[in-house]
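entry_23.pdb follows; it contains PDB, C-alpha atoms.
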ATOM      1  CA  MET A 886      51.199 -81.521  30.757
ATOM      2  CA  GLU A 887      54.252 -83.396  29.424
ATOM      3  CA  TRP A 888      52.256 -84.217  26.338
ATOM      4  CA  PHE A 889      51.531 -80.504  25.886
ATOM      5  CA  ILE A 890      55.201 -79.491  26.254
ATOM      6  CA  ALA A 891      56.256 -82.203  23.803
ATOM      7  CA  LYS A 892      53.658 -80.924  21.339
ATOM      8  CA  ILE A 893      55.036 -77.389  21.631
ATOM      9  CA  PHE A 894      58.687 -78.372  21.186
ATOM     10  CA  ALA A 895      57.965 -80.690  18.258
ATOM     11  CA  LYS A 896      57.090 -77.642  16.119
ATOM     12  CA  TYR A 897      60.143 -75.540  17.116
ATOM     13  CA  ASN A 898      60.709 -74.228  13.561
ATOM     14  CA  TYR A 899      57.363 -72.441  13.670
ATOM     15  CA  TRP A 900      58.079 -70.887  17.079
ATOM     16  CA  ILE A 901      61.466 -69.605  15.880
ATOM     17  CA  SER A 902      59.744 -68.235  12.796
ATOM     18  CA  ILE A 903      57.282 -66.294  14.969
ATOM     19  CA  ILE A 904      60.120 -64.973  17.174
ATOM     20  CA  LEU A 905      62.017 -63.733  14.096
ATOM     21  CA  MET A 906      58.816 -62.195  12.753
ATOM     22  CA  MET A 907      58.328 -60.202  15.970
ATOM     23  CA  ILE A 908      61.997 -59.066  15.951
ATOM     24  CA  GLY A 909      61.519 -57.765  12.420
ATOM     25  CA  PHE A 910      58.219 -56.130  13.355
ATOM     26  CA  TYR A 911      59.903 -54.326  16.248
ATOM     27  CA  GLY A 912      62.537 -53.084  13.812
ATOM     28  CA  ILE A 913      59.927 -51.750  11.406
ATOM     29  CA  VAL A 914      57.715 -50.060  14.013
ATOM     30  CA  ALA A 915      60.030 -48.835  16.790
ATOM     31  CA  LYS A 916      63.253 -47.808  15.020
ATOM     32  CA  ASP A 917      63.560 -44.223  13.809
ATOM     33  CA  ASN A 918      66.282 -44.830  11.215
ATOM     34  CA  LEU A 919      65.019 -45.731   7.725
ATOM     35  CA  ILE A 920      67.807 -48.239   6.945
ATOM     36  CA  LYS A 921      67.044 -49.986  10.268
ATOM     37  CA  LYS A 922      63.437 -50.223   9.128
ATOM     38  CA  ILE A 923      64.555 -51.880   5.886
ATOM     39  CA  ILE A 924      66.700 -54.352   7.840
ATOM     40  CA  GLY A 925      63.639 -55.174   9.978
ATOM     41  CA  LEU A 926      61.573 -55.644   6.815
ATOM     42  CA  ASN A 927      64.150 -58.115   5.484
ATOM     43  CA  ILE A 928      64.117 -60.080   8.751
ATOM     44  CA  PHE A 929      60.295 -60.192   8.691
ATOM     45  CA  GLN A 930      60.288 -61.515   5.119
ATOM     46  CA  THR A 931      62.879 -64.179   5.909
ATOM     47  CA  ALA A 932      60.795 -65.335   8.881
ATOM     48  CA  ILE A 933      57.839 -65.920   6.564
ATOM     49  CA  PHE A 934      60.092 -67.833   4.159
ATOM     50  CA  LEU A 935      61.247 -70.004   7.072
ATOM     51  CA  TYR A 936      57.607 -70.786   7.924
ATOM     52  CA  PHE A 937      56.804 -71.842   4.356
ATOM     53  CA  ILE A 938      59.951 -73.973   3.904
ATOM     54  CA  SER A 939      59.244 -75.706   7.235
ATOM     55  CA  LEU A 940      55.789 -76.620   5.922
ATOM     56  CA  GLY A 941      57.336 -78.557   3.025
ATOM     57  CA  ALA A 942      60.058 -80.401   4.942
ATOM     58  CA  VAL A 943      59.751 -84.144   5.525
ATOM     59  CA  LYS A 944      61.362 -86.154   8.322
ATOM     60  CA  ALA A 945      64.330 -88.169   6.926
ATOM     61  CA  GLY A 946      63.564 -86.963   3.397
ATOM     62  CA  THR A 947      65.843 -85.899   0.573
ATOM     63  CA  ALA A 948      65.909 -82.911  -1.777
ATOM     64  CA  PRO A 949      63.101 -83.050  -4.394
ATOM     65  CA  ILE A 950      65.275 -84.285  -7.275
ATOM     66  CA  VAL A 951      63.367 -87.319  -8.503
ATOM     67  CA  ASP A 952      65.277 -90.222  -9.965
ATOM     68  CA  ALA A 953      64.093 -93.764 -10.864
ATOM     69  CA  GLU A 954      66.573 -95.192  -8.366
ATOM     70  CA  ILE A 955      65.189 -92.995  -5.552
ATOM     71  CA  ILE A 956      61.599 -94.062  -6.218
ATOM     72  CA  ARG A 957      62.516 -97.750  -6.439
ATOM     73  CA  LYS A 958      64.315 -97.673  -3.100
ATOM     74  CA  GLY A 959      61.291 -95.973  -1.517
ATOM     75  CA  TYR A 960      62.904 -92.717  -0.342
ATOM     76  CA  VAL A 961      60.674 -89.769   0.509
ATOM     77  CA  TYR A 962      61.429 -86.212  -0.614
ATOM     78  CA  ALA A 963      60.308 -82.717   0.468
ATOM     79  CA  ASN A 964      57.225 -81.072  -1.033
ATOM     80  CA  PRO A 965      58.567 -78.817  -3.833
ATOM     81  CA  LEU A 966      55.538 -76.486  -4.048
ATOM     82  CA  PRO A 967      56.538 -74.165  -1.111
ATOM     83  CA  HIS A 968      60.071 -74.067  -2.550
ATOM     84  CA  VAL A 969      58.782 -72.655  -5.831
ATOM     85  CA  LEU A 970      56.639 -70.051  -4.045
ATOM     86  CA  ILE A 971      59.549 -68.929  -1.874
ATOM     87  CA  LEU A 972      61.967 -68.820  -4.817
ATOM     88  CA  THR A 973      59.667 -66.217  -6.364
ATOM     89  CA  ALA A 974      59.252 -64.391  -3.047
ATOM     90  CA  ILE A 975      63.038 -64.047  -2.558
ATOM     91  CA  VAL A 976      63.353 -62.264  -5.889
ATOM     92  CA  VAL A 977      60.394 -60.012  -5.006
ATOM     93  CA  SER A 978      61.966 -59.204  -1.617
ATOM     94  CA  VAL A 979      65.214 -58.091  -3.277
ATOM     95  CA  ALA A 980      63.217 -55.882  -5.666
ATOM     96  CA  THR A 981      61.260 -54.223  -2.817
ATOM     97  CA  THR A 982      64.512 -53.676  -0.886
ATOM     98  CA  ALA A 983      66.113 -52.013  -3.919
ATOM     99  CA  VAL A 984      63.112 -49.687  -4.407
ATOM    100  CA  ALA A 985      63.081 -48.781  -0.696
ATOM    101  CA  LEU A 986      66.809 -48.030  -0.724
ATOM    102  CA  SER A 987      66.486 -45.785  -3.773
ATOM    103  CA  LEU A 988      63.725 -43.873  -1.949
ATOM    104  CA  VAL A 989      66.021 -43.525   1.092
ATOM    105  CA  ILE A 990      68.786 -42.055  -1.088
ATOM    106  CA  ARG A 991      66.289 -39.593  -2.604
ATOM    107  CA  MET A 992      65.042 -38.534   0.862
ATOM    108  CA  HIS A 993      68.626 -38.003   1.983
ATOM    109  CA  GLN A 994      69.204 -35.732  -1.016
ATOM    110  CA  GLU A 995      66.055 -33.755  -0.205
ATOM    111  CA  TYR A 996      66.219 -33.511   3.613
ATOM    112  CA  GLY A 997      69.846 -34.321   4.487
ATOM    113  CA  THR A 998      68.872 -36.974   7.072
ATOM    114  CA  ILE A 999      67.543 -40.528   7.204
ATOM    115  CA  GLU A1000      65.827 -40.282  10.610
ATOM    116  CA  GLU A1001      62.052 -40.439  10.260
ATOM    117  CA  SER A1002      61.204 -37.880  12.969
ATOM    118  CA  GLU A1003      63.617 -35.298  11.527
ATOM    119  CA  ILE A1004      62.182 -35.828   8.032
ATOM    120  CA  ILE A1005      58.638 -35.241   9.360
ATOM    121  CA  GLU A1006      59.811 -32.086  11.173
ATOM    122  CA  LYS A1007      61.538 -30.691   8.072
ATOM    123  CA  SER A1008      58.574 -31.451   5.836
ATOM    124  CA  ARG A1009      56.393 -29.509   8.329
ATOM    125  CA  ASP A1010      58.808 -26.599   8.080
ATOM    126  CA  LYS A1011      58.458 -26.699   4.316
ATOM    127  CA  GLY A1012      54.701 -26.299   4.692
ATOM    128  CA  MET A1013      53.598 -29.819   3.784
ATOM    129  CA  THR A1014      50.391 -30.422   5.667
ATOM    130  CA  TRP A1015      49.763 -34.163   5.472
ATOM    131  CA  THR A1016      51.890 -35.053   8.513
TER
ATOM    132  CA  MET B 288      66.807 -83.056   8.663
ATOM    133  CA  ILE B 289      69.125 -83.339  11.665
ATOM    134  CA  VAL B 290      67.572 -81.791  14.776
ATOM    135  CA  SER B 291      70.790 -80.733  16.553
ATOM    136  CA  ILE B 292      72.194 -78.874  13.503
ATOM    137  CA  ASP B 293      68.786 -77.273  12.973
ATOM    138  CA  LEU B 294      68.592 -76.050  16.581
ATOM    139  CA  ILE B 295      72.142 -74.640  16.553
ATOM    140  CA  LEU B 296      71.534 -72.749  13.289
ATOM    141  CA  LEU B 297      68.178 -71.386  14.502
ATOM    142  CA  PHE B 298      69.755 -70.197  17.771
ATOM    143  CA  PHE B 299      72.478 -68.308  15.890
ATOM    144  CA  VAL B 300      69.902 -66.831  13.517
ATOM    145  CA  VAL B 301      67.843 -65.383  16.391
ATOM    146  CA  VAL B 302      70.945 -63.961  18.128
ATOM    147  CA  ILE B 303      72.206 -62.343  14.899
ATOM    148  CA  ALA B 304      68.753 -60.888  14.116
ATOM    149  CA  ILE B 305      68.569 -59.221  17.551
ATOM    150  CA  ALA B 306      72.115 -57.865  17.138
ATOM    151  CA  ALA B 307      71.381 -56.506  13.650
ATOM    152  CA  ILE B 308      68.312 -54.657  14.969
ATOM    153  CA  THR B 309      69.954 -53.186  18.076
ATOM    154  CA  LEU B 310      73.405 -52.098  16.777
ATOM    155  CA  ARG B 311      73.831 -48.351  16.202
ATOM    156  CA  ASP B 312      76.561 -48.682  13.568
ATOM    157  CA  LEU B 313      74.567 -49.232  10.365
ATOM    158  CA  LEU B 314      77.500 -50.811   8.488
ATOM    159  CA  SER B 315      77.894 -53.488  11.200
ATOM    160  CA  ALA B 316      74.142 -54.072  11.129
ATOM    161  CA  VAL B 317      74.238 -54.596   7.360
ATOM    162  CA  ILE B 318      77.160 -57.027   7.549
ATOM    163  CA  LEU B 319      75.294 -58.926  10.286
ATOM    164  CA  LEU B 320      72.265 -59.041   7.988
ATOM    165  CA  GLY B 321      74.494 -60.685   5.358
ATOM    166  CA  ALA B 322      75.596 -63.273   7.924
ATOM    167  CA  TYR B 323      71.917 -63.786   8.821
ATOM    168  CA  SER B 324      71.040 -64.431   5.160
ATOM    169  CA  PHE B 325      73.884 -66.889   4.786
ATOM    170  CA  LEU B 326      72.803 -68.815   7.917
ATOM    171  CA  MET B 327      69.265 -68.856   6.499
ATOM    172  CA  ALA B 328      70.677 -70.393   3.302
ATOM    173  CA  LEU B 329      72.327 -73.103   5.441
ATOM    174  CA  ILE B 330      68.994 -73.746   7.198
ATOM    175  CA  TRP B 331      67.235 -74.172   3.870
ATOM    176  CA  VAL B 332      69.796 -76.624   2.534
ATOM    177  CA  GLU B 333      69.337 -78.499   5.799
ATOM    178  CA  LEU B 334      65.522 -78.415   5.340
ATOM    179  CA  GLN B 335      65.917 -80.240   1.966
ATOM    180  CA  SER B 336      65.284 -77.216  -0.259
ATOM    181  CA  VAL B 337      68.622 -76.766  -2.016
ATOM    182  CA  ASP B 338      67.242 -74.526  -4.781
ATOM    183  CA  VAL B 339      65.984 -71.938  -2.294
ATOM    184  CA  GLY B 340      69.282 -72.293  -0.425
ATOM    185  CA  PHE B 341      71.508 -71.284  -3.278
ATOM    186  CA  THR B 342      69.154 -68.557  -4.474
ATOM    187  CA  GLU B 343      69.239 -67.041  -0.977
ATOM    188  CA  ALA B 344      73.038 -67.324  -0.786
ATOM    189  CA  ALA B 345      73.449 -65.519  -4.123
ATOM    190  CA  VAL B 346      70.613 -62.995  -3.988
ATOM    191  CA  GLY B 347      69.955 -62.459  -0.271
ATOM    192  CA  ALA B 348      73.471 -62.582   1.116
ATOM    193  CA  GLY B 349      75.123 -61.121  -1.982
ATOM    194  CA  ALA B 350      72.949 -58.606  -3.793
ATOM    195  CA  THR B 351      71.018 -57.219  -0.782
ATOM    196  CA  THR B 352      74.228 -56.635   1.198
ATOM    197  CA  ALA B 353      75.803 -54.877  -1.785
ATOM    198  CA  PHE B 354      72.739 -52.620  -2.194
ATOM    199  CA  LEU B 355      72.657 -51.740   1.512
ATOM    200  CA  VAL B 356      76.402 -50.976   1.638
ATOM    201  CA  ALA B 357      76.041 -48.776  -1.448
ATOM    202  CA  THR B 358      73.157 -46.893   0.200
ATOM    203  CA  ILE B 359      75.135 -46.358   3.419
ATOM    204  CA  SER B 360      78.103 -45.026   1.435
ATOM    205  CA  ARG B 361      75.770 -42.459  -0.156
ATOM    206  CA  THR B 362      73.963 -41.460   3.082
ATOM    207  CA  VAL B 363      75.154 -41.665   6.703
ATOM    208  CA  ARG B 364      76.763 -44.501   8.649
ATOM    209  CA  TRP B 365      75.701 -43.830  12.256
ATOM    210  CA  GLU B 366      72.196 -44.003  13.662
ATOM    211  CA  LYS B 367      71.258 -41.042  15.885
ATOM    212  CA  LYS B 368      70.299 -41.478  19.612
TER
END
Take the structure in this file and express it as structure tokens.
Amino acid sequence: MEWFIAKIFAKYNYWISIILMMIGFYGIVAKDNLIKKIIGLNIFQTAIFLYFISLGAVKAGTAPIVDAEIIRKGYVYANPLPHVLILTAIVVSVATTAVALSLVIRMHQEYGTIEESEIIEKSRDKGMTWT
Amino acid sequence: MIVSIDLILLFFVVVIAIAAITLRDLLSAVILLGAYSFLMALIWVELQSVDVGFTEAAVGAGATTAFLVATISRTVRWEKK
């Protein structure tokens, strides 16, 4: 049993990542406000980034800036491959956020509200049948 | 990677994420999201990935917060119900 608890707490970064992921998921699914949904989306994305960066981290390592001195002294450094993936993903996340926010502004111009239920109601009143 | 600093930062990140989701004032929620991004940048510097850390501090905490504040200034500030 103690062995099991130690195993669970040794990987605490992954547990925190899953907790953040579920907080963001709650924001996306349960909140009615569209900007709150975008905030939840951002939190979800950051949780996934945290998972990937935790995969590359090394105990008592340094940043992956390789120098002849560092190799000679036998230091270890973090795996740089997840860093490169996440660097790209951060830029993509900002782009998706910007597109989502522009759509929110357009919906506010059209319907005068940013609450999802009111937008669905007003689009029904306008005779749109897909909802 | 220092475990105590890591645990303190992760605790604050979870608390700020819950606050940013539950607050009804959207401007406060957006500012808390900026604080969340900055704490994430600190976590990534502490997890030996300095390049991701400064990209997040510039792009996540800076640009995303600016976009969200601009959107709130063009729409509404308070969440209903």
### Task
Tell me the residues of chain A close to chain B, meaning within 6 Å using all atoms listed in the file, as a PyMOL selection string.
chain A and resi 942+945+947-948+972
Report as a PyMOL selection string the residues that result from applying the PyMOL selection byres ((chain A and resi 934) around 9) to the structure here. chain A and resi 902+929-933+935-939+967+971+974-975
Margin query: Can you measure atom CA of Phe894 of chain A to atom CA of Ser291 of chain B for me? One decimal in Å is fine.
Written below: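 One can read the atom CA of Phe894 of chain A to atom CA of Ser291 of chain B distance as 13.2 Å.
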Rounded to one decimal place, report the atom CA of Ile303 of chain B-atom CA of Met907 of chain A distance in Å.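 If I compute the distance from atom CA of Ile303 of chain B to atom CA of Met907 of chain A, I get 14.1 Å.
Going from atom CA of Ile999 of chain A to atom CA of Lys921 of chain A covers 10.0 Å.
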Taking the file above as input, evaluate the PyMOL selection byres ((chain A and resi 962) around 7) and report the hits as a tab-separated table (two decimals) with C-alpha atoms, in the coordinates of the input.
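Full text of selection-v4.tsv as output:
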chain	number	residue	atom	x	y	z
A	943	VAL	CA	59.75	-84.14	5.52
A	946	GLY	CA	63.56	-86.96	3.40
A	947	THR	CA	65.84	-85.90	0.57
A	948	ALA	CA	65.91	-82.91	-1.78
A	949	PRO	CA	63.10	-83.05	-4.39
A	960	TYR	CA	62.90	-92.72	-0.34
A	961	VAL	CA	60.67	-89.77	0.51
A	963	ALA	CA	60.31	-82.72	0.47
A	964	ASN	CA	57.22	-81.07	-1.03
TODO: Choose the residue, out of A:Val969, A:Tyr911, A:Glu1003, A:Lys1011, that has the smallest atom-to-atom separation from Ile923 of chain A; count only C-alpha atoms.
DONE: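 Closest to Ile923 of chain A, using only C-alpha atoms: A:Tyr911.
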Selection: 12 Å around Ala985 of chain A, only C-alpha atoms, excl. self and same-chain fewer than 2 positions, as a count of residues only: 24
All heavy atoms are needed for segment 302-313 of chain B; please write them out as an mmCIF file, in the frame of the given file.
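The resulting result.cif:
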data_model
loop_
_atom_site.group_PDB
_atom_site.id
_atom_site.type_symbol
_atom_site.label_atom_id
_atom_site.label_comp_id
_atom_site.auth_asym_id
_atom_site.auth_seq_id
_atom_site.Cartn_x
_atom_site.Cartn_y
_atom_site.Cartn_z
ATOM 1 N N VAL B 302 69.980 -64.863 17.493
ATOM 2 C CA VAL B 302 70.945 -63.961 18.128
ATOM 3 C C VAL B 302 71.402 -62.887 17.140
ATOM 4 O O VAL B 302 71.452 -61.685 17.459
ATOM 5 C CB VAL B 302 72.151 -64.765 18.665
ATOM 6 C CG1 VAL B 302 73.255 -63.833 19.109
ATOM 7 C CG2 VAL B 302 71.721 -65.642 19.802
ATOM 8 N N ILE B 303 71.705 -63.306 15.888
ATOM 9 C CA ILE B 303 72.206 -62.343 14.899
ATOM 10 C C ILE B 303 71.102 -61.356 14.506
ATOM 11 O O ILE B 303 71.379 -60.171 14.285
ATOM 12 C CB ILE B 303 72.768 -63.090 13.683
ATOM 13 C CG1 ILE B 303 74.070 -63.768 14.068
ATOM 14 C CG2 ILE B 303 73.030 -62.145 12.531
ATOM 15 C CD1 ILE B 303 74.688 -64.546 12.966
ATOM 16 N N ALA B 304 69.841 -61.812 14.456
ATOM 17 C CA ALA B 304 68.753 -60.888 14.116
ATOM 18 C C ALA B 304 68.608 -59.812 15.186
ATOM 19 O O ALA B 304 68.468 -58.625 14.871
ATOM 20 C CB ALA B 304 67.449 -61.665 13.953
ATOM 21 N N ILE B 305 68.676 -60.216 16.472
ATOM 22 C CA ILE B 305 68.569 -59.221 17.551
ATOM 23 C C ILE B 305 69.729 -58.237 17.485
ATOM 24 O O ILE B 305 69.553 -57.020 17.617
ATOM 25 C CB ILE B 305 68.517 -59.935 18.922
ATOM 26 C CG1 ILE B 305 67.225 -60.720 19.048
ATOM 27 C CG2 ILE B 305 68.618 -58.940 20.060
ATOM 28 C CD1 ILE B 305 67.164 -61.604 20.248
ATOM 29 N N ALA B 306 70.953 -58.755 17.216
ATOM 30 C CA ALA B 306 72.115 -57.865 17.138
ATOM 31 C C ALA B 306 71.981 -56.894 15.974
ATOM 32 O O ALA B 306 72.289 -55.705 16.107
ATOM 33 C CB ALA B 306 73.386 -58.691 16.997
ATOM 34 N N ALA B 307 71.504 -57.380 14.823
ATOM 35 C CA ALA B 307 71.381 -56.506 13.650
ATOM 36 C C ALA B 307 70.346 -55.420 13.879
ATOM 37 O O ALA B 307 70.471 -54.317 13.354
ATOM 38 C CB ALA B 307 71.002 -57.323 12.413
ATOM 39 N N ILE B 308 69.309 -55.688 14.703
ATOM 40 C CA ILE B 308 68.312 -54.657 14.969
ATOM 41 C C ILE B 308 68.834 -53.646 15.987
ATOM 42 O O ILE B 308 68.586 -52.458 15.880
ATOM 43 C CB ILE B 308 67.003 -55.315 15.475
ATOM 44 C CG1 ILE B 308 66.255 -55.956 14.315
ATOM 45 C CG2 ILE B 308 66.102 -54.318 16.145
ATOM 46 C CD1 ILE B 308 65.705 -54.982 13.329
ATOM 47 N N THR B 309 69.618 -54.094 16.981
ATOM 48 C CA THR B 309 69.954 -53.186 18.076
ATOM 49 C C THR B 309 71.232 -52.385 17.843
ATOM 50 O O THR B 309 71.399 -51.348 18.475
ATOM 51 C CB THR B 309 70.106 -53.959 19.399
ATOM 52 O OG1 THR B 309 70.918 -55.097 19.158
ATOM 53 C CG2 THR B 309 68.780 -54.372 19.939
ATOM 54 N N LEU B 310 72.144 -52.818 16.952
ATOM 55 C CA LEU B 310 73.405 -52.098 16.777
ATOM 56 C C LEU B 310 73.161 -50.694 16.232
ATOM 57 O O LEU B 310 72.278 -50.485 15.418
ATOM 58 C CB LEU B 310 74.320 -52.849 15.813
ATOM 59 C CG LEU B 310 75.230 -53.905 16.401
ATOM 60 C CD1 LEU B 310 76.049 -54.531 15.305
ATOM 61 C CD2 LEU B 310 76.149 -53.304 17.423
ATOM 62 N N ARG B 311 74.000 -49.724 16.689
ATOM 63 C CA ARG B 311 73.831 -48.351 16.202
ATOM 64 C C ARG B 311 74.687 -48.045 14.983
ATOM 65 O O ARG B 311 74.401 -47.121 14.252
ATOM 66 C CB ARG B 311 74.150 -47.367 17.330
ATOM 67 C CG ARG B 311 73.005 -47.248 18.323
ATOM 68 C CD ARG B 311 73.255 -46.193 19.358
ATOM 69 N NE ARG B 311 73.466 -44.894 18.753
ATOM 70 C CZ ARG B 311 74.576 -44.179 18.931
ATOM 71 N NH1 ARG B 311 75.543 -44.646 19.675
ATOM 72 N NH2 ARG B 311 74.708 -43.012 18.361
ATOM 73 N N ASP B 312 75.755 -48.828 14.778
ATOM 74 C CA ASP B 312 76.561 -48.682 13.568
ATOM 75 C C ASP B 312 75.828 -49.394 12.419
ATOM 76 O O ASP B 312 75.665 -50.613 12.437
ATOM 77 C CB ASP B 312 77.936 -49.296 13.805
ATOM 78 C CG ASP B 312 78.876 -49.039 12.653
ATOM 79 O OD1 ASP B 312 78.429 -48.432 11.672
ATOM 80 O OD2 ASP B 312 80.044 -49.443 12.747
ATOM 81 N N LEU B 313 75.373 -48.625 11.423
ATOM 82 C CA LEU B 313 74.567 -49.232 10.365
ATOM 83 C C LEU B 313 75.380 -50.192 9.507
ATOM 84 O O LEU B 313 74.845 -51.193 9.032
ATOM 85 C CB LEU B 313 73.966 -48.136 9.490
ATOM 86 C CG LEU B 313 72.884 -47.312 10.155
ATOM 87 C CD1 LEU B 313 72.444 -46.206 9.228
ATOM 88 C CD2 LEU B 313 71.694 -48.166 10.489
#
